[in-house]
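Below is one structure, written out as structure tokens, with a few remarks after it.
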Amino acid sequence: MTIQDDSRLYAERGGTGERLVVLLHGLGATGAVWHRVTPLIEAHGCRWIAPDLRGHGASHPLGAFGIGNHAADVADLLADEDPSTTLILGHSFGGAVGALMAGGLFGPLPARLVTLGTKLDWTPEEIANAHALARKPARIFETQAEARERFAKVSGLWGLVPPDAPEMARGVVAEGAGYRLAMDSRVFVVAGAAIDAIFAAVQAPMRVAAGAEDPMVSLAAMQRHDAGAVQLPEQPHNAHVTAPDAVVSLLFD
């Protein structure tokens, strides 16, 4: 595995081969959440890249945090890659970023897009609550353990992995005498973006999927954009953590 941090985004890379799989994490997580997925991608003879999106993990908290800013960052990261051999796998908010890129506004279309657990429908109350979070200053925790617990809950990893799991990497940083989440709370301003319209504008081949136990997205909502939408049996929102084989198979079916 190699690390790239010479652009706006910190990213980890691995694998060999012509095809590249771009792994985009969900809101509040980091690229480390793909830890169980990357060996399977390598087994398919592919390379992979897993960035920490703007304002997350080790990436710089620069400028605005709209969904277009995130898509532009990823497009810059992939500037030297061949889009015809590039596949995007995005979880939750990462799926929305991938869908925006697959609409052609940020360069040539990728060969394939797979989204996992991307919330398509937002209520006014949900949007207002997210925007309220975006305005709050970072909370300082007395202990690293408390901060890591909060990170696990924000990222959806709570109850799925232990506190020292690789998926928890870069989620917490020291701040003075305490600890805080590495995530910049301003990332929550993305709530309210026209996700449904972004998905409707996708021009690349797309598979829309979610865990069958994921409360954030229904099969009916996914089928608005993909008649062959997939629900992974008995899987939660973070199905890439609990069922990585099933998620990776969506890339290559």
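Quick note on naming: the chains in the structure tokens go A, B, ... in the order shown, residues restart at 1 in each chain, and ligands are numbered from 1 in order of appearance.
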
Problem set entry | Those in segment 128-189 of chain A with strand (DSSP E) from DSSP, as a VMD selection string | chain A and resid 172 to 175 178 to 181

Can you tell me which residues surround Leu53 of chain A at a distance of at most 12 Å, considering only C-alpha atoms, apart from same-chain residues fewer than 3 positions away, and format the answer as a short mmCIF file (atom, residue, chain, number, x, y, z; two decimals) with N, CA, C and O atoms, in the first residue's frame?
data_model
loop_
_atom_site.label_atom_id
_atom_site.label_comp_id
_atom_site.auth_asym_id
_atom_site.auth_seq_id
_atom_site.Cartn_x
_atom_site.Cartn_y
_atom_site.Cartn_z
N ASP A 5 -0.37 12.19 -0.39
CA ASP A 5 -0.92 13.34 0.32
C ASP A 5 -0.39 14.65 -0.26
O ASP A 5 -0.25 15.64 0.44
N SER A 7 -1.87 16.37 -2.68
CA SER A 7 -2.97 17.15 -3.24
C SER A 7 -3.87 17.59 -2.09
O SER A 7 -3.48 17.51 -0.92
N ARG A 8 -5.06 18.03 -2.40
CA ARG A 8 -5.98 18.42 -1.34
C ARG A 8 -6.46 17.23 -0.52
O ARG A 8 -6.93 17.39 0.60
N LEU A 9 -6.34 16.04 -1.08
CA LEU A 9 -6.85 14.85 -0.40
C LEU A 9 -5.72 13.91 -0.02
O LEU A 9 -4.85 13.59 -0.82
N TYR A 10 -5.78 13.44 1.22
CA TYR A 10 -4.96 12.32 1.64
C TYR A 10 -5.59 11.06 1.03
O TYR A 10 -6.81 10.91 1.06
N ALA A 11 -4.78 10.17 0.50
CA ALA A 11 -5.33 8.96 -0.09
C ALA A 11 -4.36 7.80 0.08
O ALA A 11 -3.13 8.00 0.09
N GLU A 12 -4.90 6.61 0.18
CA GLU A 12 -4.11 5.39 0.18
C GLU A 12 -4.40 4.64 -1.10
O GLU A 12 -5.52 4.67 -1.62
N VAL A 22 -12.17 3.32 -7.36
CA VAL A 22 -12.13 4.50 -6.51
C VAL A 22 -13.13 4.29 -5.38
O VAL A 22 -14.33 4.10 -5.62
N LEU A 23 -12.65 4.32 -4.14
CA LEU A 23 -13.47 4.01 -2.97
C LEU A 23 -13.77 5.30 -2.22
O LEU A 23 -12.87 5.95 -1.68
N LEU A 24 -15.05 5.69 -2.19
CA LEU A 24 -15.46 6.95 -1.57
C LEU A 24 -16.30 6.65 -0.33
O LEU A 24 -17.39 6.09 -0.42
N HIS A 25 -15.79 7.05 0.81
CA HIS A 25 -16.43 6.75 2.09
C HIS A 25 -17.64 7.64 2.35
O HIS A 25 -17.86 8.65 1.67
N GLY A 26 -18.40 7.29 3.37
CA GLY A 26 -19.57 8.06 3.74
C GLY A 26 -19.25 9.22 4.65
O GLY A 26 -18.12 9.36 5.16
N LEU A 27 -20.23 10.05 4.89
CA LEU A 27 -20.08 11.23 5.73
C LEU A 27 -19.67 10.81 7.14
O LEU A 27 -20.28 9.95 7.74
N GLY A 28 -18.59 11.42 7.63
CA GLY A 28 -18.12 11.14 8.98
C GLY A 28 -17.07 10.06 9.08
O GLY A 28 -16.42 9.93 10.12
N ALA A 29 -16.86 9.28 8.04
CA ALA A 29 -15.88 8.18 8.07
C ALA A 29 -14.55 8.66 7.47
O ALA A 29 -14.32 9.85 7.27
N THR A 30 -13.66 7.73 7.18
CA THR A 30 -12.42 8.00 6.45
C THR A 30 -12.22 6.88 5.43
O THR A 30 -12.95 5.88 5.44
N GLY A 31 -11.21 7.04 4.59
CA GLY A 31 -10.93 6.00 3.60
C GLY A 31 -10.55 4.68 4.21
O GLY A 31 -10.61 3.63 3.54
N ALA A 32 -10.18 4.69 5.50
CA ALA A 32 -9.80 3.45 6.17
C ALA A 32 -10.96 2.48 6.31
O ALA A 32 -10.75 1.28 6.57
N ILE A 49 -7.89 3.11 -4.94
CA ILE A 49 -7.50 4.33 -4.25
C ILE A 49 -8.64 4.70 -3.30
O ILE A 49 -9.81 4.67 -3.68
N ALA A 50 -8.28 5.03 -2.06
CA ALA A 50 -9.27 5.34 -1.03
C ALA A 50 -8.90 6.67 -0.38
O ALA A 50 -8.07 6.70 0.54
N HIS A 56 -12.35 15.42 6.21
CA HIS A 56 -12.38 14.14 6.92
C HIS A 56 -10.95 13.62 7.11
O HIS A 56 -10.08 13.85 6.27
N GLY A 57 -10.74 12.87 8.19
CA GLY A 57 -9.48 12.19 8.39
C GLY A 57 -8.28 13.10 8.27
O GLY A 57 -8.20 14.15 8.90
N ALA A 58 -7.33 12.69 7.41
CA ALA A 58 -6.09 13.44 7.25
C ALA A 58 -6.13 14.44 6.10
O ALA A 58 -5.11 15.07 5.81
N SER A 59 -7.25 14.59 5.43
CA SER A 59 -7.34 15.55 4.34
C SER A 59 -7.52 16.96 4.86
O SER A 59 -8.04 17.19 5.95
N HIS A 60 -7.11 17.92 4.05
CA HIS A 60 -7.16 19.31 4.46
C HIS A 60 -8.60 19.82 4.53
O HIS A 60 -9.39 19.56 3.62
N PRO A 61 -8.96 20.56 5.56
CA PRO A 61 -10.31 21.16 5.66
C PRO A 61 -10.35 22.49 4.93
O PRO A 61 -10.46 23.56 5.55
N LEU A 62 -10.23 22.46 3.61
CA LEU A 62 -10.11 23.68 2.83
C LEU A 62 -11.45 24.14 2.26
O LEU A 62 -12.23 23.33 1.77
N PHE A 65 -17.74 23.16 1.49
CA PHE A 65 -17.96 21.74 1.66
C PHE A 65 -19.18 21.24 0.87
O PHE A 65 -19.77 20.23 1.23
N GLY A 66 -19.57 21.94 -0.19
CA GLY A 66 -20.67 21.46 -1.02
C GLY A 66 -20.30 20.18 -1.73
O GLY A 66 -19.12 19.84 -1.89
N ILE A 67 -21.29 19.46 -2.19
CA ILE A 67 -21.02 18.18 -2.84
C ILE A 67 -20.16 18.35 -4.09
O ILE A 67 -19.31 17.51 -4.40
N GLY A 68 -20.32 19.48 -4.79
CA GLY A 68 -19.49 19.74 -5.95
C GLY A 68 -18.03 19.93 -5.61
O GLY A 68 -17.14 19.56 -6.39
N ASN A 69 -17.75 20.51 -4.43
CA ASN A 69 -16.37 20.65 -3.98
C ASN A 69 -15.71 19.29 -3.78
O ASN A 69 -14.55 19.07 -4.16
N HIS A 70 -16.47 18.37 -3.19
CA HIS A 70 -15.95 17.01 -2.98
C HIS A 70 -15.68 16.31 -4.32
O HIS A 70 -14.66 15.66 -4.50
N ALA A 71 -16.61 16.45 -5.26
CA ALA A 71 -16.45 15.81 -6.56
C ALA A 71 -15.25 16.38 -7.30
O ALA A 71 -14.49 15.64 -7.95
N ALA A 72 -15.05 17.70 -7.20
CA ALA A 72 -13.90 18.33 -7.86
C ALA A 72 -12.59 17.82 -7.26
O ALA A 72 -11.61 17.59 -7.97
N ASP A 73 -12.55 17.65 -5.94
CA ASP A 73 -11.36 17.12 -5.29
C ASP A 73 -11.00 15.74 -5.83
O ASP A 73 -9.84 15.45 -6.14
N VAL A 74 -12.01 14.88 -5.93
CA VAL A 74 -11.76 13.52 -6.40
C VAL A 74 -11.35 13.54 -7.87
O VAL A 74 -10.46 12.80 -8.29
N ALA A 75 -11.98 14.40 -8.67
CA ALA A 75 -11.61 14.52 -10.08
C ALA A 75 -10.15 14.93 -10.21
O ALA A 75 -9.42 14.41 -11.07
N LEU A 77 -7.79 14.28 -8.08
CA LEU A 77 -7.01 13.13 -7.65
C LEU A 77 -6.85 12.11 -8.77
O LEU A 77 -5.84 11.41 -8.86
N GLY A 90 -19.03 4.02 -4.09
CA GLY A 90 -19.25 5.03 -3.07
C GLY A 90 -20.27 4.60 -2.05
O GLY A 90 -21.36 4.12 -2.40
N PHE A 93 -22.88 9.01 1.53
CA PHE A 93 -22.57 10.28 0.88
C PHE A 93 -21.53 10.10 -0.23
O PHE A 93 -21.58 10.79 -1.26
N GLY A 94 -20.59 9.18 -0.05
CA GLY A 94 -19.62 8.91 -1.10
C GLY A 94 -20.27 8.45 -2.39
O GLY A 94 -19.78 8.72 -3.48
N VAL A 97 -21.37 11.60 -4.16
CA VAL A 97 -20.22 12.23 -4.81
C VAL A 97 -19.89 11.49 -6.10
O VAL A 97 -19.67 12.10 -7.16
N GLY A 98 -19.89 10.16 -6.03
CA GLY A 98 -19.63 9.37 -7.23
C GLY A 98 -20.67 9.58 -8.31
O GLY A 98 -20.34 9.65 -9.50
N ARG A 170 -7.53 7.39 11.64
CA ARG A 170 -7.58 8.81 11.29
C ARG A 170 -8.89 9.48 11.67
O ARG A 170 -9.18 10.58 11.21
N ALA A 182 -11.52 14.13 13.87
CA ALA A 182 -10.76 14.75 12.79
C ALA A 182 -11.69 15.43 11.79
O ALA A 182 -11.31 16.40 11.14
N MET A 183 -12.90 14.94 11.68
CA MET A 183 -13.89 15.50 10.75
C MET A 183 -14.22 16.95 11.11
O MET A 183 -14.44 17.28 12.26
N ASP A 184 -14.26 17.80 10.10
CA ASP A 184 -14.73 19.18 10.26
C ASP A 184 -16.25 19.15 10.24
O ASP A 184 -16.85 18.63 9.29
N VAL A 187 -18.81 19.71 7.22
CA VAL A 187 -19.14 18.77 6.14
C VAL A 187 -20.65 18.49 6.09
O VAL A 187 -21.17 18.09 5.04
#

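Atom CA of Pro110 of chain A sits 5.9 Å away from atom CA of Leu87 of chain A.
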
For this session: Please identify all polymer residues within 7 Å of Gly17 of chain A, counting only C-alpha atoms, omitting same-chain residues fewer than 5 positions from it, and present them as a list in words.
Result: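 Once the nearby chain positions are removed, what remains is Gly45, Cys46 and Arg47 of chain A.
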
Seminar exercise, completed: Across A:Asn238, A:Thr16, A:Trp34, A:Lys136, the smallest distance to Trp158 of chain A, with only C-alpha atoms counted, is shown by A:Asn238

Exercise. Which of segment 26-115 of chain A counts as alpha helix (DSSP H) under DSSP, as a list in words please?
Worked result: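 Answer for segment 26-115 of chain A, restricted to alpha helix (DSSP H): Thr38, Pro39, Leu40, Ile41, Glu42, Ala43, Ile67, Gly68, Asn69, His70, Ala71, Ala72, Asp73, Val74, Ala75, Asp76, Leu77, Phe93, Gly94, Gly95, Ala96, Val97, Gly98, Ala99, Leu100 and Met101 of chain A.
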
Save out the residues we just selected, C-alpha atoms, as a PDB file, in the first residue's frame.
ATOM      1  CA  THR A  38      -9.313  -3.606  -0.652  1.00  0.00           C
ATOM      2  CA  PRO A  39      -7.824  -7.134  -0.504  1.00  0.00           C
ATOM      3  CA  LEU A  40     -10.812  -8.417  -2.476  1.00  0.00           C
ATOM      4  CA  ILE A  41     -10.335  -5.741  -5.123  1.00  0.00           C
ATOM      5  CA  GLU A  42      -6.680  -6.721  -5.429  1.00  0.00           C
ATOM      6  CA  ALA A  43      -7.760 -10.356  -5.842  1.00  0.00           C
ATOM      7  CA  ILE A  67     -21.020  18.178  -2.841  1.00  0.00           C
ATOM      8  CA  GLY A  68     -19.492  19.743  -5.954  1.00  0.00           C
ATOM      9  CA  ASN A  69     -16.367  20.652  -3.976  1.00  0.00           C
ATOM     10  CA  HIS A  70     -15.946  17.013  -2.981  1.00  0.00           C
ATOM     11  CA  ALA A  71     -16.447  15.807  -6.563  1.00  0.00           C
ATOM     12  CA  ALA A  72     -13.897  18.329  -7.857  1.00  0.00           C
ATOM     13  CA  ASP A  73     -11.357  17.118  -5.291  1.00  0.00           C
ATOM     14  CA  VAL A  74     -11.762  13.517  -6.401  1.00  0.00           C
ATOM     15  CA  ALA A  75     -11.612  14.518 -10.078  1.00  0.00           C
ATOM     16  CA  ASP A  76      -8.275  16.248  -9.401  1.00  0.00           C
ATOM     17  CA  LEU A  77      -7.010  13.134  -7.650  1.00  0.00           C
ATOM     18  CA  PHE A  93     -22.568  10.278   0.875  1.00  0.00           C
ATOM     19  CA  GLY A  94     -19.620   8.906  -1.100  1.00  0.00           C
ATOM     20  CA  GLY A  95     -22.158   7.366  -3.469  1.00  0.00           C
ATOM     21  CA  ALA A  96     -23.675  10.792  -4.054  1.00  0.00           C
ATOM     22  CA  VAL A  97     -20.225  12.232  -4.813  1.00  0.00           C
ATOM     23  CA  GLY A  98     -19.627   9.371  -7.229  1.00  0.00           C
ATOM     24  CA  ALA A  99     -23.006   9.940  -8.879  1.00  0.00           C
ATOM     25  CA  LEU A 100     -22.165  13.590  -9.436  1.00  0.00           C
ATOM     26  CA  MET A 101     -18.901  12.584 -11.097  1.00  0.00           C
TER      27      MET A 101
END
